[in-house]
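Asker: Next comes the structure file coords29.cif, holding mmCIF, C-alpha atoms.
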```
data_coords
#
loop_
_atom_site.label_atom_id
_atom_site.label_comp_id
_atom_site.auth_asym_id
_atom_site.auth_seq_id
_atom_site.Cartn_x
_atom_site.Cartn_y
_atom_site.Cartn_z
CA MET A 13 78.00 78.80 19.50
CA LYS A 14 78.62 80.89 22.59
CA GLN A 15 76.77 84.15 23.17
CA LEU A 16 79.27 87.04 23.15
CA TYR A 17 78.26 90.49 24.35
CA ILE A 18 80.60 93.43 23.70
CA ASP A 19 80.23 96.77 25.45
CA PHE A 20 80.35 99.96 23.34
CA ASP A 21 81.70 102.88 25.39
CA GLY A 22 85.33 102.33 26.35
CA VAL A 23 85.56 99.12 24.30
CA ILE A 24 84.54 99.96 20.74
CA LEU A 25 84.83 103.76 20.85
CA ASP A 26 86.68 105.84 23.43
CA THR A 27 83.61 107.98 24.14
CA MET A 28 84.20 107.99 27.89
CA THR A 29 87.56 109.79 27.71
CA LYS A 30 86.07 112.57 25.55
CA SER A 31 82.96 112.77 27.75
CA TYR A 32 84.94 113.03 30.98
CA GLU A 33 87.13 115.75 29.45
CA GLU A 34 83.97 117.74 28.66
CA LEU A 35 82.51 117.10 32.15
CA ASN A 36 85.77 118.39 33.62
CA LYS A 37 85.73 121.49 31.37
CA ARG A 38 82.20 122.26 32.54
CA GLY A 39 83.18 121.77 36.17
CA ILE A 40 80.67 118.96 36.72
CA ASP A 41 81.55 116.79 39.73
CA LEU A 42 81.41 113.08 38.82
CA LYS A 43 79.84 112.38 42.23
CA ASP A 44 76.85 114.60 41.33
CA GLN A 45 74.86 111.85 39.59
CA GLU A 46 71.98 114.15 38.70
CA LYS A 47 74.22 116.61 36.81
CA VAL A 48 76.23 113.78 35.21
CA MET A 49 73.04 112.07 33.98
CA ALA A 50 71.71 115.38 32.63
CA PHE A 51 75.02 115.96 30.83
CA PHE A 52 74.86 112.55 29.12
CA ARG A 53 71.18 113.00 28.20
CA GLU A 54 71.90 116.38 26.56
CA LEU A 55 75.19 115.37 24.93
CA ASP A 56 75.47 115.63 21.12
CA TRP A 57 76.06 111.91 20.56
CA LYS A 58 76.26 112.29 16.77
CA LYS A 59 79.19 114.70 17.12
CA LEU A 60 80.84 112.65 19.88
CA ILE A 61 80.70 109.43 17.86
CA GLU A 62 81.96 111.18 14.70
CA GLU A 63 84.92 112.66 16.60
CA THR A 64 85.86 109.52 18.54
CA GLU A 65 88.30 106.93 17.25
CA PRO A 66 87.79 103.17 17.54
CA ILE A 67 89.92 101.63 20.29
CA ASN A 68 92.65 99.18 19.17
CA ASP A 69 91.03 98.66 15.74
CA SER A 70 87.81 97.48 17.43
CA ILE A 71 85.61 97.45 14.32
CA ASN A 72 87.99 95.16 12.40
CA GLU A 73 88.52 93.10 15.55
CA ILE A 74 84.75 92.47 15.78
CA LYS A 75 84.67 91.54 12.10
CA LYS A 76 87.38 88.92 12.84
CA ILE A 77 85.28 87.56 15.71
CA CYS A 78 82.23 87.28 13.45
CA ALA A 79 84.30 85.59 10.74
CA SER A 80 85.52 82.98 13.26
CA LYS A 81 81.93 81.64 13.47
CA LYS A 82 82.52 80.72 17.13
CA PHE A 83 80.15 83.27 18.64
CA ASN A 84 76.77 84.89 18.31
CA VAL A 85 77.96 88.49 18.63
CA TYR A 86 75.92 91.28 20.21
CA ILE A 87 76.76 94.83 21.19
CA LEU A 88 75.38 95.40 24.70
CA THR A 89 75.43 99.07 25.59
CA HIS A 90 74.08 101.25 28.35
CA ILE A 91 72.29 104.37 27.14
CA ASN A 92 71.22 107.60 28.82
CA SER A 93 68.89 108.90 26.11
CA THR A 94 67.03 107.99 22.94
CA ASN A 95 69.43 110.26 21.03
CA GLU A 96 72.39 108.25 22.31
CA MET A 97 70.72 104.99 21.30
CA VAL A 98 69.89 106.26 17.80
CA GLU A 99 73.44 107.49 17.13
CA LYS A 100 75.06 104.28 18.40
CA ILE A 101 72.72 102.17 16.25
CA LYS A 102 73.44 104.30 13.15
CA TYR A 103 77.19 103.97 13.72
CA LEU A 104 77.06 100.23 14.35
CA HIS A 105 74.72 99.45 11.43
CA LYS A 106 77.07 101.35 9.12
CA ASN A 107 80.22 99.61 10.40
CA LEU A 108 78.95 96.23 11.64
CA PRO A 109 75.64 95.52 9.89
CA GLN A 110 75.78 91.83 10.82
CA VAL A 111 75.79 92.48 14.59
CA THR A 112 72.69 92.81 16.79
CA ILE A 113 72.58 95.78 19.16
CA VAL A 114 71.01 95.61 22.60
CA SER A 115 70.48 99.01 24.25
CA VAL A 116 69.95 99.06 28.01
CA PRO A 117 68.75 102.09 30.00
CA LYS A 118 71.58 103.19 32.30
CA GLU A 119 69.44 102.61 35.41
CA ILE A 120 69.05 98.88 34.66
CA PRO A 121 71.85 96.30 35.01
CA LYS A 122 72.78 94.61 31.73
CA THR A 123 72.05 91.27 33.41
CA GLU A 124 68.37 92.26 33.75
CA VAL A 125 68.01 92.57 29.97
CA VAL A 126 69.96 89.57 28.66
CA ASN A 127 70.63 86.13 30.09
CA ALA A 128 74.23 86.18 31.31
CA SER A 129 74.38 82.49 32.24
CA ALA A 130 77.25 80.84 30.29
CA ALA A 131 77.47 83.93 28.04
CA ILE A 132 80.61 86.06 27.64
CA LEU A 133 80.73 89.78 28.34
CA ILE A 134 83.65 91.96 27.26
CA ASP A 135 83.43 95.24 29.16
CA ASP A 136 85.82 97.93 30.42
CA TYR A 137 83.83 98.49 33.63
CA SER A 138 84.58 96.01 36.42
CA GLY A 139 81.17 96.61 38.03
CA ASN A 140 79.40 95.19 34.97
CA ILE A 141 81.73 92.18 34.91
CA LYS A 142 81.12 91.52 38.60
CA GLU A 143 77.32 91.57 38.08
CA TRP A 144 77.72 89.34 35.00
CA GLN A 145 79.67 86.73 36.95
CA LYS A 146 77.07 86.76 39.76
CA LYS A 147 74.60 85.59 37.10
CA LEU A 148 77.00 82.76 36.08
CA GLY A 149 78.35 84.55 33.02
CA ILE A 150 81.96 84.79 31.88
CA GLY A 151 83.42 88.27 32.28
CA ILE A 152 86.43 89.59 30.40
CA LYS A 153 87.86 93.02 31.10
CA PHE A 154 88.78 95.12 28.09
CA VAL A 155 91.77 97.39 28.73
CA LYS A 156 93.87 99.61 26.46
CA GLU A 157 96.99 98.23 28.18
CA LEU A 158 97.20 95.27 30.55
CA GLU A 159 96.53 96.36 34.15
CA GLY A 160 96.43 93.14 36.13
CA SER A 161 92.81 93.35 37.30
CA ASP A 162 90.83 90.62 39.07
CA TYR A 163 89.38 89.51 35.74
CA PRO A 164 90.88 88.03 32.57
CA GLU A 165 92.06 90.97 30.44
CA ILE A 166 92.33 91.59 26.72
CA THR A 167 93.61 94.60 24.78
CA HIS A 168 92.27 93.51 21.37
CA LEU A 169 88.78 92.11 21.01
CA SER A 170 89.77 89.23 18.71
CA GLU A 171 91.86 87.75 21.56
CA VAL A 172 88.57 86.23 22.73
CA ILE A 173 88.73 83.80 19.78
CA ASP A 174 91.76 81.98 21.19
CA MET A 175 90.36 82.09 24.74
CA PHE A 176 87.44 79.89 23.66
CA ASN A 177 88.84 77.36 21.21
CA GLN A 178 85.99 74.95 20.80
#
```
Would you mind giving the structure from this file in structure tokens?

Answerer:
Amino acid sequence: MKQLYIDFDGVILDTMTKSYEELNKRGIDLKDQEKVMAFFRELDWKKLIEETEPINDSINEIKKICASKKFNVYILTHINSTNEMVEKIKYLHKNLPQVTIVSVPKEIPKTEVVNASAAILIDDYSGNIKEWQKKLGIGIKFVKELEGSDYPEITHLSEVIDMFNQ
């Protein structure tokens, strides 16, 4: 079975859209990394997760992937605080109890925590995919609508099943 890592923010839940709206409301410049990091550390992740909808039926899509028995499925998510990690784990254990969660401090590349070689990463951020491929992993870009990026794209997570017919 192939190792399959799925990002959380922007893939499972649309937390980034809501977060960026709040950053904008507060007048925080996205280029000011210190203020952005402080914002994410202080954010009420419980409230954000409760108020955010799954993207393209992501929870059921992950259940389909698990049922296919083609992959060892992990959620691989960057975190800015312990609070964020706790709330993501609570949400995922409630909705996907069969899936292992790997939380990575934002300052560390995902490839430093898990072995990317020959593993698949589904992520909405091209920078993570680029790093993944440098470590000989397979990167797939998750998009809400096809954009024509430099990477293979999917709009529904279960599309990965047909991409890797073994």

Asker: Using only C-alpha atoms, which protein or nucleic acid residues come within 8 Å of segment 19-23 of chain A? Drop anything in the same chain fewer than 2 positions from it, and give the result as a count of residues only.

Answerer: 17

Asker: Name all residues at most 7 Å from Met13 of chain A (count all atoms listed in the file; drop same-chain ones fewer than 2 positions away) and give them as a PyMOL selection string.

Answerer: chain A and resi 15+82-84

Asker: With C-alpha atoms retained, write the just-selected residues as a PDB file, keeping the file's coordinate frame.

Answerer:
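The result, stored in selection02.pdb:
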```pdb
ATOM      1  CA  GLN A  15      76.770  84.150  23.170  1.00  0.00           C
ATOM      2  CA  LYS A  82      82.520  80.720  17.130  1.00  0.00           C
ATOM      3  CA  PHE A  83      80.150  83.270  18.640  1.00  0.00           C
ATOM      4  CA  ASN A  84      76.770  84.890  18.310  1.00  0.00           C
TER       5      ASN A  84
END
```

Asker: In Å, how far is it from atom CA of Ile101 of chain A to atom CA of Ile24 of chain A?

Answerer: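 We find that atom CA of Ile101 of chain A and atom CA of Ile24 of chain A lie 12.8 Å from each other.
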
Asker: To one decimal place, how far is atom CA of Ala128 of chain A from atom CA of Leu169 of chain A in Å?

Answerer: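 About the pair atom CA of Ala128 of chain A and atom CA of Leu169 of chain A: they are 18.8 Å apart.
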
Asker: Please evaluate the PyMOL selection byres ((chain A and resi 60) around 10) against the displayed coordinates and give the resulting residues as a CSV table (one decimal) with C-alpha atoms, in the coordinates of the input.

Answerer:
```csv
chain,number,residue,atom,x,y,z
A,25,LEU,CA,84.8,103.8,20.8
A,26,ASP,CA,86.7,105.8,23.4
A,27,THR,CA,83.6,108.0,24.1
A,28,MET,CA,84.2,108.0,27.9
A,30,LYS,CA,86.1,112.6,25.6
A,31,SER,CA,83.0,112.8,27.8
A,55,LEU,CA,75.2,115.4,24.9
A,56,ASP,CA,75.5,115.6,21.1
A,57,TRP,CA,76.1,111.9,20.6
A,58,LYS,CA,76.3,112.3,16.8
A,59,LYS,CA,79.2,114.7,17.1
A,61,ILE,CA,80.7,109.4,17.9
A,62,GLU,CA,82.0,111.2,14.7
A,63,GLU,CA,84.9,112.7,16.6
A,64,THR,CA,85.9,109.5,18.5
A,65,GLU,CA,88.3,106.9,17.2
A,96,GLU,CA,72.4,108.2,22.3
A,99,GLU,CA,73.4,107.5,17.1
```

Asker: With the PyMOL selection byres ((chain A and resi 146) around 12) as the selection, what would be picked from this file? Answer as number ranges by chain, please.

Answerer: A: 121, 123-124, 127-130, 139-145, 147-151

Asker: Check the smallest atom-to-atom distance from each of A:Ile166, A:Val85, A:Ala131, A:Ile173 to Val114 of chain A using only C-alpha atoms, then report the winner.

Answerer: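 Of the candidates, the smallest distance to Val114 of chain A is held by A:Val85.
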
Asker: Quote the spacing between atom CA of Asp41 of chain A and atom CA of Glu54 of chain A in Å to one decimal place.

Answerer: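 Distance reported for this atom pair: 16.3 Å.
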
Asker: Between A:Phe51, A:Lys153, A:Met97, A:Ile40, which residue has the minimum interatomic distance to Ile132 of chain A, considering only C-alpha atoms?

Answerer: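 Under the stated criterion, the closest residue is A:Lys153.
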
Asker: Closest to Glu119 of chain A among A:Leu42, A:Glu159, A:Asn92, A:Ile18, using only C-alpha atoms?

Answerer: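 Counting only C-alpha atoms, the residue closest to Glu119 of chain A is A:Asn92.
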
Asker: Just say which residues the PyMOL selection byres ((chain A and resi 109) around 12) picks in this file, as number ranges by chain.

Answerer: A: 71, 74-75, 78, 85-87, 101-108, 110-113

Asker: Quick one: of A:Asp162, A:Val98, A:Lys156, A:Val172, who's nearest to Pro66 of chain A, counting all atoms listed in the file?

Answerer: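 Checking each candidate against Pro66 of chain A, we get A:Lys156 as the closest.
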